[in-house]
Amino acid sequence: ASRSWRELLTTAQISKKHNLLLLDYDGVVADSLTAITEHTAAFCRDRGLGQGLASAAIACMRSATLSGLIQAAGITGEHVRDYGRFLFRELNKNPSRVPLFDGIPELLRDLAKTYTLCIVSANHSAVVRQRLESAGLVDVMTHLYGNEQPGGKAEHIRQAMFSHGASAESTWMIGDTVGDIRAAKQAGVNAVAVTWGWQSLETLESARPNLIFEQPEALHRYFSGQPGTLPQSGPVP
């Protein structure tokens, strides 16, 4: 019988050599939901487009892509392109305004010693780079895959594997949305979900990832070879 992600948390031993860790940016590394919600609300309000991103709409998003944000906020027609430019400009004005989740800087610095780390994001890589540079973390990343590059996340995962000579079994995609899990599965790699980002544990469980973590510290312990305390909710059937 197949084993649940909870059983794997306590029993799996990872061979860290040659492993590739791919991390989503928004919702995994950076707590950008508040900033993006506020910027979207301001954009919509100024143009008479409603209130922006409602919590219910965010919960239903497949992934935190620009197209997903546009759809969730109800932005249409001539405003679509303007919104993309507006969001890019606002997020670049003051990168440090978007906080990194507690424990993430330490996790990245530590795991970069034994893993190859890359960002695979639906955000523009320039936004990601500027924020990581302001935190002194850009050098721990081998590559930043962003939305300005051809292909979606599944294709970027495959590109990262090819570039770094990693097998599917030794590659882990860490995301916070159903879309991230689906991209990992489409690329044939291990799908890891975290619950401190954009979507809930229940929503993430419905996509059946290989592993789920509820705190950055638990993710850190697991990939450093020290499995931590089990999450509190029930296992995936």
# chains A, B, ... in the order shown; residues from 1 in each chain; ligands from 1
call {"tool": "residues_around", "arguments": {"residues": "A:Asp24", "least_positions_apart": "6", "cutoff": "8 Å", "atoms": "only C-alpha atoms", "output": "VMD selection string"}}
result
chain A and resid 119 to 122 173 to 176 180
call {"tool": "write_last_selection", "arguments": {"atoms": "N, CA, C and O atoms", "output": "PDB file, in the first residue's frame"}}
result
ATOM      1  N   ILE A 119      15.161  29.078  -7.564  1.00  0.00           N
ATOM      2  CA  ILE A 119      13.804  29.602  -7.454  1.00  0.00           C
ATOM      3  C   ILE A 119      13.067  29.281  -8.744  1.00  0.00           C
ATOM      4  O   ILE A 119      13.588  29.505  -9.842  1.00  0.00           O
ATOM      5  N   VAL A 120      11.858  28.755  -8.620  1.00  0.00           N
ATOM      6  CA  VAL A 120      10.959  28.567  -9.761  1.00  0.00           C
ATOM      7  C   VAL A 120       9.684  29.314  -9.419  1.00  0.00           C
ATOM      8  O   VAL A 120       8.872  28.857  -8.611  1.00  0.00           O
ATOM      9  N   SER A 121       9.510  30.486 -10.020  1.00  0.00           N
ATOM     10  CA  SER A 121       8.468  31.406  -9.587  1.00  0.00           C
ATOM     11  C   SER A 121       7.604  31.890 -10.743  1.00  0.00           C
ATOM     12  O   SER A 121       8.068  31.997 -11.885  1.00  0.00           O
ATOM     13  N   ALA A 122       6.348  32.203 -10.428  1.00  0.00           N
ATOM     14  CA  ALA A 122       5.466  32.866 -11.387  1.00  0.00           C
ATOM     15  C   ALA A 122       5.664  34.375 -11.348  1.00  0.00           C
ATOM     16  O   ALA A 122       5.026  35.097 -12.117  1.00  0.00           O
ATOM     17  N   MET A 173      10.262  19.963  -5.697  1.00  0.00           N
ATOM     18  CA  MET A 173       9.636  21.258  -5.940  1.00  0.00           C
ATOM     19  C   MET A 173       8.817  21.631  -4.722  1.00  0.00           C
ATOM     20  O   MET A 173       7.884  20.919  -4.329  1.00  0.00           O
ATOM     21  N   ILE A 174       9.165  22.762  -4.099  1.00  0.00           N
ATOM     22  CA  ILE A 174       8.523  23.199  -2.850  1.00  0.00           C
ATOM     23  C   ILE A 174       7.632  24.397  -3.160  1.00  0.00           C
ATOM     24  O   ILE A 174       8.112  25.459  -3.561  1.00  0.00           O
ATOM     25  N   GLY A 175       6.326  24.228  -2.990  1.00  0.00           N
ATOM     26  CA  GLY A 175       5.386  25.293  -3.320  1.00  0.00           C
ATOM     27  C   GLY A 175       4.273  25.425  -2.304  1.00  0.00           C
ATOM     28  O   GLY A 175       4.165  24.619  -1.369  1.00  0.00           O
ATOM     29  N   ASP A 176       3.437  26.427  -2.512  1.00  0.00           N
ATOM     30  CA  ASP A 176       2.357  26.705  -1.561  1.00  0.00           C
ATOM     31  C   ASP A 176       0.982  26.700  -2.212  1.00  0.00           C
ATOM     32  O   ASP A 176       0.006  27.113  -1.577  1.00  0.00           O
ATOM     33  N   ASP A 180       1.516  24.605  -7.956  1.00  0.00           N
ATOM     34  CA  ASP A 180       2.899  24.163  -7.755  1.00  0.00           C
ATOM     35  C   ASP A 180       2.981  22.642  -7.682  1.00  0.00           C
ATOM     36  O   ASP A 180       3.892  22.019  -8.241  1.00  0.00           O
TER      37      ASP A 180
END
call {"tool": "select_by_dssp", "arguments": {"residues": "stretch 30-224 of chain A", "states": "alpha helix (DSSP H)", "output": "JSON, numbers by chain"}}
result
{"A": [33, 34, 35, 36, 37, 38, 39, 40, 41, 42, 43, 44, 45, 46, 55, 56, 57, 58, 59, 66, 67, 68, 69, 70, 71, 72, 73, 79, 80, 81, 82, 83, 84, 85, 86, 87, 88, 89, 90, 91, 92, 93, 104, 105, 106, 107, 108, 109, 110, 111, 125, 126, 127, 128, 129, 130, 131, 132, 133, 134, 153, 154, 155, 156, 157, 158, 159, 160, 161, 162, 163, 164, 178, 179, 180, 181, 182, 183, 184, 185, 186, 187, 201, 202, 203, 204, 205, 206, 216, 217, 218, 219, 220, 221, 222, 223]}
call {"tool": "residues_around", "arguments": {"residues": "A:Glu133", "least_positions_apart": "5", "cutoff": "10 Å", "atoms": "only C-alpha atoms", "output": "list in words"}}
result
Pro95, Ser96, Val128, Val138 and Asp139 of chain A
call {"tool": "residues_around", "arguments": {"residues": "A:Phe43", "least_positions_apart": "2", "cutoff": "10 Å", "atoms": "only C-alpha atoms", "output": "PyMOL selection string"}}
result
chain A and resi 37-41+45-52+75+79+82-83+86-87
call {"tool": "residues_around", "arguments": {"residues": "A:Phe162", "least_positions_apart": "6", "cutoff": "12 Å", "atoms": "only C-alpha atoms", "output": "list in words"}}
result
Leu20, Glu155, His156, Ala168, Thr171 and Ala187 of chain A
call {"tool": "write_last_selection", "arguments": {"atoms": "N, CA and C atoms", "output": "PDB file, in the first residue's frame"}}
result
ATOM      1  N   LEU A  20      18.435  18.422  -5.851  1.00  0.00           N
ATOM      2  CA  LEU A  20      18.039  19.732  -6.363  1.00  0.00           C
ATOM      3  C   LEU A  20      16.769  20.168  -5.651  1.00  0.00           C
ATOM      4  N   GLU A 155       7.929  23.285 -17.138  1.00  0.00           N
ATOM      5  CA  GLU A 155       9.044  23.376 -18.072  1.00  0.00           C
ATOM      6  C   GLU A 155      10.298  23.902 -17.375  1.00  0.00           C
ATOM      7  N   HIS A 156      10.134  24.863 -16.485  1.00  0.00           N
ATOM      8  CA  HIS A 156      11.283  25.395 -15.757  1.00  0.00           C
ATOM      9  C   HIS A 156      11.887  24.342 -14.828  1.00  0.00           C
ATOM     10  N   ALA A 168      14.824  12.923 -11.572  1.00  0.00           N
ATOM     11  CA  ALA A 168      13.512  13.259 -11.022  1.00  0.00           C
ATOM     12  C   ALA A 168      13.423  12.858  -9.554  1.00  0.00           C
ATOM     13  N   THR A 171      14.990  15.428  -7.195  1.00  0.00           N
ATOM     14  CA  THR A 171      14.530  16.812  -7.360  1.00  0.00           C
ATOM     15  C   THR A 171      13.240  17.018  -6.577  1.00  0.00           C
ATOM     16  N   ALA A 187       6.147  17.424 -14.147  1.00  0.00           N
ATOM     17  CA  ALA A 187       7.566  17.264 -14.451  1.00  0.00           C
ATOM     18  C   ALA A 187       8.125  15.955 -13.910  1.00  0.00           C
TER      19      ALA A 187
END
call {"tool": "select_by_dssp", "arguments": {"residues": "stretch 46-200 of chain A", "states": "strand (DSSP E or B)", "output": "PyMOL selection string"}}
result
chain A and resi 100+116-120+143-145+171-175+190-194
call {"tool": "residues_around", "arguments": {"residues": "A:Ala183", "least_positions_apart": "6", "cutoff": "9 Å", "atoms": "only C-alpha atoms", "output": "ChimeraX atom specification"}}
result
/A:152-155,157,173,189,191
call {"tool": "closest_residue", "arguments": {"among": "A:Ala166, A:Leu219, A:Leu111, A:Val29", "to": "A:Val140", "atoms": "only C-alpha atoms"}}
result
A:Leu111
call {"tool": "residues_around", "arguments": {"residues": "A:Met61", "least_positions_apart": "3", "cutoff": "12 Å", "atoms": "only C-alpha atoms", "output": "VMD selection string"}}
result
chain A and resid 53 to 58 64 to 73 176 to 180 198 to 200 203 to 204
call {"tool": "write_last_selection", "arguments": {"atoms": "C-alpha atoms", "output": "PDB file, in the first residue's frame"}}
result
ATOM      1  CA  LEU A  53      -8.503  40.263  -4.265  1.00  0.00           C
ATOM      2  CA  ALA A  54     -11.041  38.738  -1.891  1.00  0.00           C
ATOM      3  CA  SER A  55      -9.947  35.969   0.456  1.00  0.00           C
ATOM      4  CA  ALA A  56     -12.364  33.501  -1.124  1.00  0.00           C
ATOM      5  CA  ALA A  57     -10.986  34.232  -4.594  1.00  0.00           C
ATOM      6  CA  ILE A  58      -7.408  33.708  -3.392  1.00  0.00           C
ATOM      7  CA  ALA A  64      -0.232  32.582  -7.720  1.00  0.00           C
ATOM      8  CA  THR A  65       0.495  33.541 -11.320  1.00  0.00           C
ATOM      9  CA  LEU A  66      -0.145  36.933 -12.875  1.00  0.00           C
ATOM     10  CA  SER A  67      -2.993  35.464 -14.916  1.00  0.00           C
ATOM     11  CA  GLY A  68      -4.394  33.896 -11.746  1.00  0.00           C
ATOM     12  CA  LEU A  69      -4.284  37.224  -9.929  1.00  0.00           C
ATOM     13  CA  ILE A  70      -5.949  38.978 -12.849  1.00  0.00           C
ATOM     14  CA  GLN A  71      -8.757  36.445 -12.913  1.00  0.00           C
ATOM     15  CA  ALA A  72      -9.225  36.422  -9.130  1.00  0.00           C
ATOM     16  CA  ALA A  73      -9.401  40.217  -9.014  1.00  0.00           C
ATOM     17  CA  ASP A 176       2.357  26.705  -1.561  1.00  0.00           C
ATOM     18  CA  THR A 177      -0.406  26.204  -4.150  1.00  0.00           C
ATOM     19  CA  VAL A 178      -2.170  23.424  -5.984  1.00  0.00           C
ATOM     20  CA  GLY A 179      -0.591  24.759  -9.162  1.00  0.00           C
ATOM     21  CA  ASP A 180       2.899  24.163  -7.755  1.00  0.00           C
ATOM     22  CA  TRP A 198      -1.339  31.317  -0.148  1.00  0.00           C
ATOM     23  CA  GLN A 199      -3.460  28.164   0.242  1.00  0.00           C
ATOM     24  CA  SER A 200      -4.736  26.102   3.148  1.00  0.00           C
ATOM     25  CA  THR A 203      -6.686  22.699  -0.333  1.00  0.00           C
ATOM     26  CA  LEU A 204      -3.105  21.458  -0.634  1.00  0.00           C
TER      27      LEU A 204
END
